[in-house]
$ cat data-v4.cif   # mmCIF, C-alpha atoms
data_entry
loop_
_atom_site.label_atom_id
_atom_site.label_comp_id
_atom_site.auth_asym_id
_atom_site.auth_seq_id
_atom_site.Cartn_x
_atom_site.Cartn_y
_atom_site.Cartn_z
CA ALA A 1 120.25 -24.60 -42.24
CA ALA A 2 119.98 -25.88 -38.73
CA ALA A 3 122.30 -28.64 -37.72
CA GLY A 4 119.88 -29.16 -34.88
CA GLU A 5 117.33 -30.50 -37.35
CA LEU A 6 119.65 -33.22 -38.56
CA LEU A 7 119.95 -34.88 -35.20
CA SER A 8 117.19 -35.17 -32.65
CA ASP A 9 117.78 -34.74 -28.94
CA GLU A 10 117.96 -38.48 -28.46
CA GLY A 11 120.60 -38.72 -31.18
CA TYR A 12 118.49 -40.04 -34.06
CA ARG A 13 118.61 -38.72 -37.62
CA ALA A 14 115.56 -37.72 -39.64
CA ASP A 15 115.12 -41.21 -41.06
CA GLY A 16 115.59 -42.89 -37.69
CA ARG A 17 119.22 -43.90 -38.11
CA ARG A 18 121.99 -43.49 -35.59
CA PRO A 19 124.87 -41.18 -36.68
CA THR A 20 127.19 -43.94 -37.86
CA GLU A 21 124.50 -46.20 -39.27
CA LEU A 22 124.45 -46.86 -43.00
CA ARG A 23 121.28 -47.21 -45.05
CA LYS A 24 120.10 -50.64 -46.12
CA VAL A 25 122.11 -51.96 -49.05
CA ARG A 26 120.64 -54.28 -51.68
CA ALA A 27 122.72 -55.29 -54.67
CA ARG A 28 122.53 -57.61 -57.64
CA MET A 29 125.16 -58.47 -60.22
CA GLY A 30 124.79 -59.69 -63.76
CA VAL A 31 121.51 -57.93 -64.47
CA PHE A 32 122.03 -57.21 -68.17
CA ALA A 33 122.74 -59.48 -71.10
CA GLN A 34 124.40 -57.04 -73.53
CA ALA A 35 127.09 -55.85 -71.15
CA ASP A 36 130.20 -57.75 -70.14
CA GLY A 37 129.49 -56.90 -66.54
CA SER A 38 126.65 -55.15 -64.79
CA ALA A 39 125.36 -54.45 -61.31
CA TYR A 40 122.47 -52.73 -59.61
CA ILE A 41 122.71 -51.32 -56.11
CA GLU A 42 120.23 -49.67 -53.77
CA GLN A 43 121.50 -47.71 -50.80
CA GLY A 44 118.38 -46.65 -48.99
CA ASN A 45 116.37 -44.95 -51.73
CA THR A 46 119.35 -44.16 -53.94
CA LYS A 47 119.30 -46.53 -56.90
CA ALA A 48 122.39 -46.83 -59.09
CA LEU A 49 123.17 -48.96 -62.09
CA ALA A 50 126.63 -49.69 -63.48
CA VAL A 51 127.50 -51.36 -66.75
CA VAL A 52 130.96 -52.41 -67.92
CA TYR A 53 132.07 -53.17 -71.47
CA GLY A 54 135.52 -54.48 -72.06
CA PRO A 55 138.33 -54.87 -72.27
CA HIS A 56 137.87 -54.35 -75.99
CA GLU A 57 139.56 -52.61 -78.88
CA MET A 58 139.65 -48.85 -78.91
CA ARG A 59 136.54 -47.20 -80.27
CA GLY A 60 136.93 -43.92 -82.01
CA SER A 61 140.45 -42.65 -82.45
CA ARG A 62 143.11 -45.34 -82.34
CA SER A 63 145.64 -42.63 -81.63
CA LYS A 64 144.30 -42.26 -78.10
CA ALA A 65 145.26 -45.83 -77.27
CA LEU A 66 147.90 -46.15 -74.57
CA PRO A 67 150.82 -48.40 -75.53
CA ASP A 68 151.35 -49.88 -72.09
CA ARG A 69 147.90 -50.04 -70.50
CA ALA A 70 144.15 -49.94 -71.01
CA LEU A 71 142.19 -46.72 -71.29
CA VAL A 72 139.37 -46.42 -68.77
CA ASN A 73 136.39 -44.56 -70.20
CA CYS A 74 133.74 -43.53 -67.69
CA GLN A 75 130.37 -41.91 -67.94
CA TYR A 76 128.13 -40.80 -65.13
CA SER A 77 124.55 -39.78 -65.72
CA LEU A 78 121.52 -38.94 -63.65
CA ALA A 79 118.16 -39.95 -65.09
CA THR A 80 115.81 -37.03 -65.66
CA PHE A 81 113.30 -38.53 -63.23
CA SER A 82 115.90 -39.30 -60.58
CA SER A 83 115.52 -36.19 -58.48
CA ALA A 84 112.53 -34.47 -56.97
CA GLU A 85 112.64 -31.74 -59.61
CA ARG A 86 112.88 -32.94 -63.16
CA ARG A 87 116.33 -32.24 -64.54
CA ARG A 88 116.62 -30.43 -67.79
CA GLN A 89 117.80 -32.55 -70.66
CA ARG A 90 121.43 -31.97 -71.51
CA PRO A 91 122.00 -28.19 -71.13
CA PRO A 92 123.81 -26.67 -74.12
CA ALA A 93 127.05 -26.20 -72.22
CA GLY A 94 127.14 -29.91 -71.50
CA ASP A 95 126.42 -31.41 -68.15
CA ARG A 96 129.44 -30.17 -66.23
CA GLN A 97 128.72 -31.90 -62.99
CA ALA A 98 128.31 -35.21 -64.74
CA ALA A 99 131.56 -34.62 -66.59
CA GLU A 100 133.38 -33.85 -63.35
CA LEU A 101 132.04 -36.96 -61.65
CA ALA A 102 132.91 -39.05 -64.69
CA LEU A 103 136.46 -37.75 -64.38
CA HIS A 104 136.49 -38.71 -60.70
CA LEU A 105 135.23 -42.17 -61.58
CA ARG A 106 138.04 -42.56 -64.07
CA GLN A 107 140.66 -41.48 -61.57
CA THR A 108 139.24 -43.79 -58.94
CA PHE A 109 139.15 -46.86 -61.13
CA GLU A 110 142.43 -46.26 -62.88
CA ALA A 111 143.91 -46.68 -59.42
CA ALA A 112 142.14 -49.96 -58.84
CA ILE A 113 142.08 -51.77 -62.19
CA LEU A 114 145.23 -53.59 -63.32
CA THR A 115 145.30 -51.66 -66.58
CA THR A 116 148.81 -52.80 -67.49
CA LEU A 117 147.40 -56.22 -68.34
CA TYR A 118 145.51 -54.86 -71.37
CA PRO A 119 147.64 -52.47 -73.41
CA ARG A 120 146.08 -50.62 -76.30
CA SER A 121 142.54 -51.51 -75.26
CA GLN A 122 139.58 -49.79 -73.65
CA ILE A 123 137.38 -50.51 -70.66
CA ASP A 124 134.05 -48.64 -70.49
CA ILE A 125 132.28 -48.01 -67.21
CA TYR A 126 128.83 -46.44 -67.44
CA VAL A 127 126.99 -45.39 -64.30
CA GLN A 128 123.34 -44.43 -64.42
CA ILE A 129 121.58 -43.10 -61.35
CA LEU A 130 117.90 -44.01 -61.46
CA GLN A 131 116.92 -42.41 -58.17
CA ALA A 132 119.04 -39.82 -56.41
CA ASP A 133 118.48 -39.72 -52.65
CA GLY A 134 121.93 -38.73 -51.42
CA GLY A 135 125.30 -40.41 -51.84
CA ASN A 136 124.73 -40.74 -55.58
CA TYR A 137 128.37 -40.72 -56.60
CA CYS A 138 129.28 -43.20 -53.85
CA ALA A 139 126.51 -45.57 -54.86
CA GLY A 140 127.77 -45.26 -58.42
CA VAL A 141 131.29 -46.24 -57.34
CA ASN A 142 130.01 -49.24 -55.41
CA ALA A 143 127.89 -50.35 -58.34
CA ALA A 144 130.85 -49.92 -60.69
CA THR A 145 133.04 -52.11 -58.47
CA LEU A 146 130.42 -54.85 -58.56
CA ALA A 147 130.04 -54.50 -62.32
CA LEU A 148 133.80 -54.77 -62.81
CA MET A 149 133.80 -57.91 -60.69
CA ASP A 150 130.94 -59.27 -62.78
CA ALA A 151 132.93 -58.56 -65.94
CA GLY A 152 135.90 -60.41 -64.52
CA ILE A 153 138.28 -57.47 -64.89
CA PRO A 154 141.29 -57.90 -62.61
CA MET A 155 141.62 -55.24 -59.92
CA ARG A 156 144.19 -54.73 -57.23
CA ASP A 157 141.39 -54.18 -54.71
CA PHE A 158 137.68 -53.42 -54.53
CA VAL A 159 136.64 -49.80 -54.36
CA CYS A 160 134.15 -48.94 -51.65
CA ALA A 161 132.70 -45.48 -51.29
CA SER A 162 130.57 -43.65 -48.81
CA SER A 163 129.63 -40.13 -47.95
CA ALA A 164 129.85 -38.40 -44.60
CA GLY A 165 128.76 -35.15 -43.06
CA LEU A 166 128.68 -33.20 -39.88
CA ALA A 167 125.82 -32.20 -37.59
CA GLU A 168 127.30 -29.72 -35.09
CA ASP A 169 130.09 -31.92 -33.76
CA THR A 170 128.69 -35.33 -34.59
CA ALA A 171 129.89 -37.12 -37.68
CA LEU A 172 127.16 -38.67 -39.82
CA ALA A 173 127.79 -41.57 -42.18
CA ASP A 174 126.00 -42.12 -45.50
CA LEU A 175 124.05 -38.92 -46.00
CA SER A 176 120.58 -38.94 -47.45
CA TRP A 177 119.40 -36.20 -49.80
CA PRO A 178 117.77 -33.97 -47.12
CA GLU A 179 120.96 -34.22 -45.06
CA GLU A 180 123.11 -33.25 -48.06
CA ALA A 181 120.87 -30.34 -48.88
CA ALA A 182 121.02 -29.03 -45.31
CA GLY A 183 124.16 -27.13 -46.23
CA GLY A 184 126.74 -28.58 -43.88
CA PRO A 185 130.11 -29.93 -45.04
CA ARG A 186 129.92 -33.10 -47.15
CA LEU A 187 132.66 -35.63 -47.69
CA ALA A 188 132.85 -38.35 -50.33
CA LEU A 189 135.45 -41.04 -49.81
CA ALA A 190 136.43 -43.91 -52.10
CA LEU A 191 138.68 -46.44 -50.44
CA LEU A 192 140.63 -49.55 -51.36
CA PRO A 193 139.96 -51.40 -48.12
CA ALA A 194 142.62 -54.13 -48.15
CA SER A 195 145.49 -51.69 -48.41
CA GLY A 196 143.66 -48.82 -46.75
CA GLN A 197 144.56 -46.52 -49.63
CA VAL A 198 142.30 -43.66 -50.56
CA ALA A 199 141.35 -43.52 -54.22
CA LEU A 200 139.26 -40.37 -53.99
CA LEU A 201 138.56 -37.82 -51.32
CA GLN A 202 136.22 -34.95 -52.02
CA LEU A 203 135.06 -32.37 -49.52
CA SER A 204 132.55 -29.65 -50.26
CA ALA A 205 131.31 -27.02 -47.87
CA ARG A 206 129.63 -23.69 -48.00
CA LEU A 207 131.61 -20.85 -46.47
CA LYS B 1 114.78 -74.95 -91.63
CA GLU B 2 111.76 -75.79 -89.53
CA ASN B 3 110.34 -72.29 -88.94
CA CYS B 4 112.40 -71.97 -85.79
CA ARG B 5 114.24 -68.82 -84.75
CA PRO B 6 117.80 -68.69 -83.41
CA ASP B 7 116.63 -68.50 -79.82
CA GLY B 8 114.24 -71.43 -80.27
CA ARG B 9 111.04 -69.43 -80.55
CA GLU B 10 108.13 -70.08 -82.91
CA LEU B 11 107.50 -67.47 -85.58
CA GLY B 12 104.67 -65.77 -83.71
CA GLU B 13 106.02 -66.21 -80.23
CA PHE B 14 106.91 -63.35 -77.89
CA ARG B 15 109.75 -63.46 -75.41
CA ALA B 16 109.03 -63.77 -71.70
CA THR B 17 107.67 -60.41 -70.61
CA THR B 18 108.01 -59.02 -67.09
CA VAL B 19 106.57 -55.78 -65.78
CA ASN B 20 107.69 -54.33 -62.49
CA ILE B 21 105.58 -51.49 -61.15
CA GLY B 22 105.42 -51.71 -57.41
CA LYS B 23 108.78 -52.88 -56.10
CA CYS B 24 111.22 -51.21 -58.44
CA SER B 25 109.31 -47.96 -58.40
CA ILE B 26 111.21 -44.72 -58.52
CA THR B 27 109.71 -42.67 -55.73
CA THR B 28 111.06 -39.37 -57.06
CA ALA B 29 108.98 -39.89 -60.21
CA ASP B 30 105.22 -39.52 -60.21
CA GLY B 31 104.87 -42.86 -61.96
CA SER B 32 107.36 -45.46 -63.09
CA ALA B 33 107.59 -48.93 -64.57
CA LEU B 34 110.27 -51.36 -65.64
CA VAL B 35 109.58 -53.71 -68.55
CA LYS B 36 111.66 -56.66 -69.72
CA LEU B 37 110.96 -58.34 -73.07
CA GLY B 38 113.41 -61.22 -72.91
CA ASN B 39 116.68 -59.36 -72.34
CA THR B 40 115.51 -55.97 -73.59
CA THR B 41 115.04 -53.81 -70.49
CA VAL B 42 113.32 -50.45 -70.57
CA ILE B 43 112.46 -48.16 -67.68
CA CYS B 44 109.94 -45.32 -67.91
CA GLY B 45 109.65 -42.47 -65.44
CA VAL B 46 106.82 -39.96 -65.58
CA LYS B 47 107.17 -36.57 -63.95
CA ALA B 48 104.28 -34.14 -63.80
CA GLU B 49 104.78 -30.40 -63.73
CA LEU B 50 102.47 -27.42 -63.98
CA ALA B 51 102.49 -25.01 -66.89
CA ALA B 52 100.27 -22.50 -68.63
CA PRO B 53 98.45 -23.85 -71.68
CA THR B 54 99.03 -22.25 -75.08
CA VAL B 55 96.66 -19.61 -76.35
CA ASP B 56 95.19 -21.69 -79.18
CA SER B 57 94.76 -24.82 -77.03
CA SER B 58 93.80 -23.20 -73.78
CA ASN B 59 92.05 -26.28 -72.47
CA LYS B 60 94.79 -28.79 -73.22
CA GLY B 61 97.76 -30.00 -71.22
CA TYR B 62 100.97 -31.46 -72.61
CA ILE B 63 102.51 -34.89 -72.87
CA VAL B 64 106.21 -34.91 -73.71
CA PRO B 65 107.69 -38.35 -74.37
CA ASN B 66 111.40 -38.92 -74.79
CA VAL B 67 113.21 -42.15 -75.54
CA GLU B 68 116.87 -42.39 -74.59
CA LEU B 69 119.24 -45.04 -75.89
CA PRO B 70 122.35 -44.42 -73.78
CA SER B 71 125.70 -46.02 -74.47
CA LEU B 72 125.25 -48.35 -71.55
CA CYS B 73 122.48 -50.31 -73.22
CA SER B 74 124.56 -51.53 -76.11
CA THR B 75 127.88 -51.06 -77.85
CA LYS B 76 125.93 -49.75 -80.86
CA PHE B 77 125.37 -46.37 -79.26
CA ARG B 78 127.97 -43.69 -78.74
CA SER B 79 127.58 -41.05 -76.06
CA GLY B 80 126.52 -37.58 -77.13
CA PRO B 81 123.32 -36.08 -78.50
CA PRO B 82 120.46 -38.49 -79.28
CA GLY B 83 121.06 -40.52 -82.42
CA GLU B 84 118.64 -41.33 -85.21
CA GLU B 85 117.16 -44.38 -83.57
CA ALA B 86 116.44 -42.58 -80.31
CA GLN B 87 114.81 -39.68 -82.10
CA ALA B 88 112.75 -41.99 -84.28
CA ALA B 89 111.64 -43.94 -81.21
CA SER B 90 110.65 -40.72 -79.41
CA GLN B 91 108.58 -39.67 -82.40
CA PHE B 92 106.99 -43.12 -82.57
CA ILE B 93 105.90 -42.93 -78.93
CA ALA B 94 104.55 -39.41 -79.47
CA ASP B 95 102.53 -40.69 -82.42
CA VAL B 96 101.18 -43.64 -80.42
CA ILE B 97 100.01 -41.33 -77.65
CA GLU B 98 98.39 -38.96 -80.11
CA ASN B 99 96.74 -41.50 -82.41
CA SER B 100 95.50 -43.89 -79.75
CA GLN B 101 94.14 -41.07 -77.61
CA MET B 102 95.21 -43.04 -74.55
CA ILE B 103 95.36 -39.77 -72.68
CA VAL B 104 93.14 -36.96 -73.79
CA LYS B 105 94.96 -33.66 -73.39
CA GLU B 106 91.79 -31.96 -72.22
CA ASP B 107 91.87 -34.21 -69.14
CA LEU B 108 95.19 -32.64 -68.18
CA CYS B 109 93.77 -29.14 -68.01
CA ILE B 110 93.21 -27.75 -64.53
CA ALA B 111 91.93 -24.26 -65.29
CA ASN B 112 91.12 -23.19 -68.82
CA GLY B 113 93.74 -20.81 -70.12
CA LYS B 114 95.59 -20.66 -66.82
CA LEU B 115 96.99 -23.96 -65.63
CA ALA B 116 97.52 -27.42 -67.01
CA TRP B 117 99.63 -30.48 -66.33
CA VAL B 118 102.72 -31.33 -68.33
CA LEU B 119 103.61 -35.02 -68.27
CA TYR B 120 107.25 -35.64 -69.05
CA CYS B 121 107.59 -39.32 -69.95
CA ASP B 122 111.24 -40.33 -70.01
CA ILE B 123 111.94 -43.79 -71.34
CA ILE B 124 115.46 -45.10 -70.87
CA CYS B 125 116.65 -48.32 -72.43
CA LEU B 126 118.95 -50.20 -70.07
CA ASP B 127 119.63 -53.33 -72.10
CA TYR B 128 119.18 -53.33 -75.87
CA ASP B 129 118.25 -56.71 -77.28
CA GLY B 130 115.82 -55.70 -80.02
CA ASN B 131 112.20 -54.59 -80.17
CA ILE B 132 112.64 -51.31 -78.36
CA LEU B 133 109.42 -49.87 -79.72
CA ASP B 134 107.15 -52.52 -78.22
CA ALA B 135 108.96 -52.41 -74.89
CA SER B 136 108.85 -48.60 -74.75
CA ALA B 137 105.15 -48.45 -75.52
CA PHE B 138 104.49 -51.03 -72.85
CA ALA B 139 106.65 -49.28 -70.26
CA LEU B 140 104.94 -45.98 -71.01
CA LEU B 141 101.47 -47.42 -70.52
CA ALA B 142 102.46 -49.19 -67.30
CA ALA B 143 104.06 -46.05 -65.90
CA LEU B 144 101.09 -43.87 -66.81
CA LYS B 145 98.72 -46.27 -65.08
CA ASN B 146 100.92 -45.91 -62.02
CA VAL B 147 100.81 -42.09 -61.94
CA GLN B 148 99.06 -40.36 -59.08
CA LEU B 149 98.50 -36.64 -59.60
CA PRO B 150 97.85 -34.38 -56.62
CA SER B 151 94.71 -32.31 -56.85
CA VAL B 152 95.32 -28.67 -57.74
CA THR B 153 92.97 -25.77 -57.10
CA ILE B 154 93.36 -22.15 -58.00
CA ASN B 155 92.81 -19.76 -55.16
CA GLU B 156 90.18 -17.27 -56.34
CA GLU B 157 91.62 -14.32 -54.44
CA THR B 158 95.34 -14.64 -55.00
CA GLY B 159 95.16 -16.37 -58.40
CA LEU B 160 97.89 -18.75 -57.28
CA SER B 161 97.69 -22.50 -57.56
CA GLU B 162 97.47 -24.64 -54.47
CA VAL B 163 98.67 -28.20 -54.65
CA ASN B 164 97.17 -30.71 -52.26
CA LEU B 165 99.69 -33.53 -51.96
CA LYS B 166 97.51 -35.50 -49.61
CA GLN B 167 94.74 -35.99 -52.12
CA LYS B 168 95.94 -37.84 -55.20
CA ASN B 169 94.00 -39.07 -58.18
CA PRO B 170 95.11 -41.54 -60.83
CA LEU B 171 95.33 -40.46 -64.47
CA ILE B 172 92.38 -41.15 -66.73
CA ILE B 173 93.64 -43.61 -69.34
CA ARG B 174 91.07 -43.96 -72.06
CA ARG B 175 92.68 -46.52 -74.31
CA HIS B 176 95.31 -49.16 -73.74
CA PRO B 177 97.37 -49.57 -76.89
CA VAL B 178 99.48 -52.70 -77.16
CA ALA B 179 102.36 -52.66 -79.63
CA THR B 180 103.38 -55.72 -81.59
CA SER B 181 106.15 -55.49 -84.13
CA PHE B 182 106.50 -57.81 -87.12
CA ALA B 183 109.23 -58.29 -89.65
CA ILE B 184 109.20 -60.08 -92.98
CA PHE B 185 112.13 -62.34 -93.54
CA ASP B 186 112.85 -63.75 -97.00
CA GLU B 187 109.20 -64.50 -97.71
#
$ encode --input "data-v4.cif" --output "C-alpha cells"
Amino acid sequence: AAAGELLSDEGYRADGRRPTELRKVRARMGVFAQADGSAYIEQGNTKALAVVYGPHEMRGSRSKALPDRALVNCQYSLATFSSAERRRQRPPAGDRQAAELALHLRQTFEAAILTTLYPRSQIDIYVQILQADGGNYCAGVNAATLALMDAGIPMRDFVCASSAGLAEDTALADLSWPEEAAGGPRLALALLPASGQVALLQLSARL
Amino acid sequence: KENCRPDGRELGEFRATTVNIGKCSITTADGSALVKLGNTTVICGVKAELAAPTVDSSNKGYIVPNVELPSLCSTKFRSGPPGEEAQAASQFIADVIENSQMIVKEDLCIANGKLAWVLYCDIICLDYDGNILDASAFALLAALKNVQLPSVTINEETGLSEVNLKQKNPLIIRRHPVATSFAIFDE
C-alpha cells in the first residue's frame, strides 16, 4: 500500500487534515439513565459509547473479589453495523479481538482508577463502538474516561488515548480507517497526561 | 390512588418520544435510526447485502432482524450469548415484519433465482427503561425508511452483478406498523 497516497504533495491527508491534526471531537456525558456514568464521543466519524456501573457488590462468584481493591470488569464490543462490511455475530470461538481489547481496557483503567478505595467490589466499564472509522480503541478509552468521571469514580488521572501512524517519514496523528487499512505501522497510546505516564502502548505493523 | 403512575403519567399516556434519523446517522450502515421513549434508548442499523434466493422462494429476498440487549443497557443482563428476553424480542420483531407486510420480500428480489437483497436489521438497546418492544419496532421502521439501496443490474454476458453506488433508491415500505404495549394492573 502506497505511503504516497496517504499524504499529498502539499502535505495534506486524504481527508484534508495536516499530519498532526486531530479529527473533530464531540462529546457528551450523562447520556443514559440506567448507568451510574455514561458518555458518548465522536472523533471524526468514529462513534463510541461508554457506560460505567459501580462501584457495586461483586456479581457472579464472590470468590473472585479482591480483598484490598475493586475489580475492574471491562467489555469492548463493535456493533454489527459499525464497519463497512457487516460483522458476523459472535463467531463460535468467541470474539478474540474484542476480548484482547477488553483486557487492554482493564489494564489501562486499573492503572488510573483508585481501586484501593473500594475493596471487595466491582466496577464495570462497557464500551460499545457504534461506528468504526479508525482509532476505535482510542475513542473507547476516551469515552470510558468521561463515563468514569460522570460516575464520580475517583481516578489518579484522566486517561487520554490516540492513534498514530507513519507515511514514509512523516508521523500522522489520529488515523482514520482508510489510513489504518493502508498497511503501515500503527500505534495506539493511552496516556495519563498530568504525570506523563503511559498506561498502554500498542504497536502493530506488517513485516 | 388517583390513577397516577409513579412517574406522574396518566394511565394512557406515552413517555416523551424522540427519533433521530439525520444527525446521529451511522454512515457505515445503509440506514439507521435512534429512538428514545423516555429513558429507553434503542438504536437500529440496517445493512444490505446481496445473496442468492432459495430454490423454493426464488423471487424473494430476506429480512433478518436481531435484537440485542447488551450488559451495558441495564444491570439485568449478563454478557454472553443472547438471553431469553433478547431472543423473544428478536422473534417479536420478525413476526411484526412478516405479519404487517411492511416490506414485501418480493420487492427485495433483483433477479429471479439469481440475486436478491438481504436486509440485516440490528437493533441494540443502549438504555433499558422498559417497553423495549415498542421502541424496537419504532426504531426498525425509522431505520428502514432511511435506507437507500444502490441499483444493481446483472451483466448479461458475464453473469456478474454490477452495483451502481451513484444511483440509490429508497426501500418500498408498504405498511407502517406502530406498536403500543398495554399491561393490566390489579384490575
$ interface_residues --input "data-v4.cif" --of "chain B" --to "chain A" --cutoff "6 Å" --atoms "all atoms listed in the file" --output "number ranges by chain"
B: 28-29, 45, 72
$ resolve_selection --input "data-v4.cif" --expression "the PyMOL selection byres ((chain B and resi 116-130) around 8)" --output "VMD selection string"
(chain A and resid 32 to 35 80 to 81) or (chain B and resid 38 to 53 59 to 70 72 to 74 108 to 112 114 to 115 131 to 132 136 139 to 140)
$ atom_distance --input "data-v4.cif" --atom1 "atom CA of A:Ala65" --atom2 "atom CA of A:Tyr137"
27.2 Å
$ resolve_selection --input "data-v4.cif" --expression "the PyMOL selection byres ((chain A and resi 13) around 12)" --output "number ranges by chain"
A: 3-12, 14-23, 166-167, 170-176, 178-179
$ residues_near_point --input "data-v4.cif" --point "(131.6, -36.7, -46.4)" --cutoff "10 Å" --atoms "all atoms listed in the file" --output "MDAnalysis selection string"
chainID A and resid 135 162:166 171:175 180 184:189 201:205
$ atom_distance --input "data-v4.cif" --atom1 "atom CA of A:Gly140" --atom2 "atom CA of A:Ala48"
5.6 Å
$ resolve_selection --input "data-v4.cif" --expression "the PyMOL selection byres ((chain B and resi 8-21) around 9)" --output "list in words"
Asn3, Cys4, Arg5, Pro6, Asp7, Gly22, Lys23, Cys24, Ser25, Gly31, Ser32, Ala33, Leu34, Val35, Lys36, Leu37, Gly38, Asn39, Phe138, Ala139, Ala142, Ala143, Asn146 and Phe182 of chain B
$ residues_around --input "data-v4.cif" --residues "A:Val198" --least-positions-apart "2" --cutoff "10 Å" --atoms "all atoms listed in the file" --output "list in words"
Thr108, Ala111, Val159, Cys160, Ala161, Leu189, Ala190, Leu191, Leu192, Pro193, Ser195, Gly196, Leu200 and Leu201 of chain A
$ axis_aligned_box --input "data-v4.cif" --around "stretch 172-190 of chain A" --padding-each-side "8 Å" --output "lines of an AutoDock Vina configuration file"
center_x = 127.1
center_y = -35.5
center_z = -46.0
size_x = 34.7
size_y = 32.8
size_z = 28.3
$ atom_distance --input "data-v4.cif" --atom1 "atom CA of A:Ala182" --atom2 "atom CA of A:Gly134"
11.5 Å
$ closest_residue --input "data-v4.cif" --among "A:Tyr76, A:Trp177, A:Phe158, A:Tyr118" --to "A:Gly54" --atoms "only C-alpha atoms"
A:Tyr118
$ residues_around --input "data-v4.cif" --residues "stretch 96-101 of chain B" --least-positions-apart "2" --cutoff "10 Å" --atoms "all atoms listed in the file" --output "list in words"
Ile63, Val64, Pro65, Ser90, Gln91, Phe92, Ile93, Ala94, Ile103, Val104, Lys105, Ala137, Leu140, Leu141, Ile173, Arg174, Arg175, His176, Pro177, Val178 and Ala179 of chain B
$ closest_residue --input "data-v4.cif" --among "B:Ala89, B:Val147, B:Leu160, B:Leu171" --to "B:Met102" --atoms "all atoms listed in the file"
B:Leu171
$ closest_residue --input "data-v4.cif" --among "A:Ile129, A:Ile123, A:Ala70, A:Ala139" --to "A:Gly152" --atoms "all atoms listed in the file"
A:Ile123
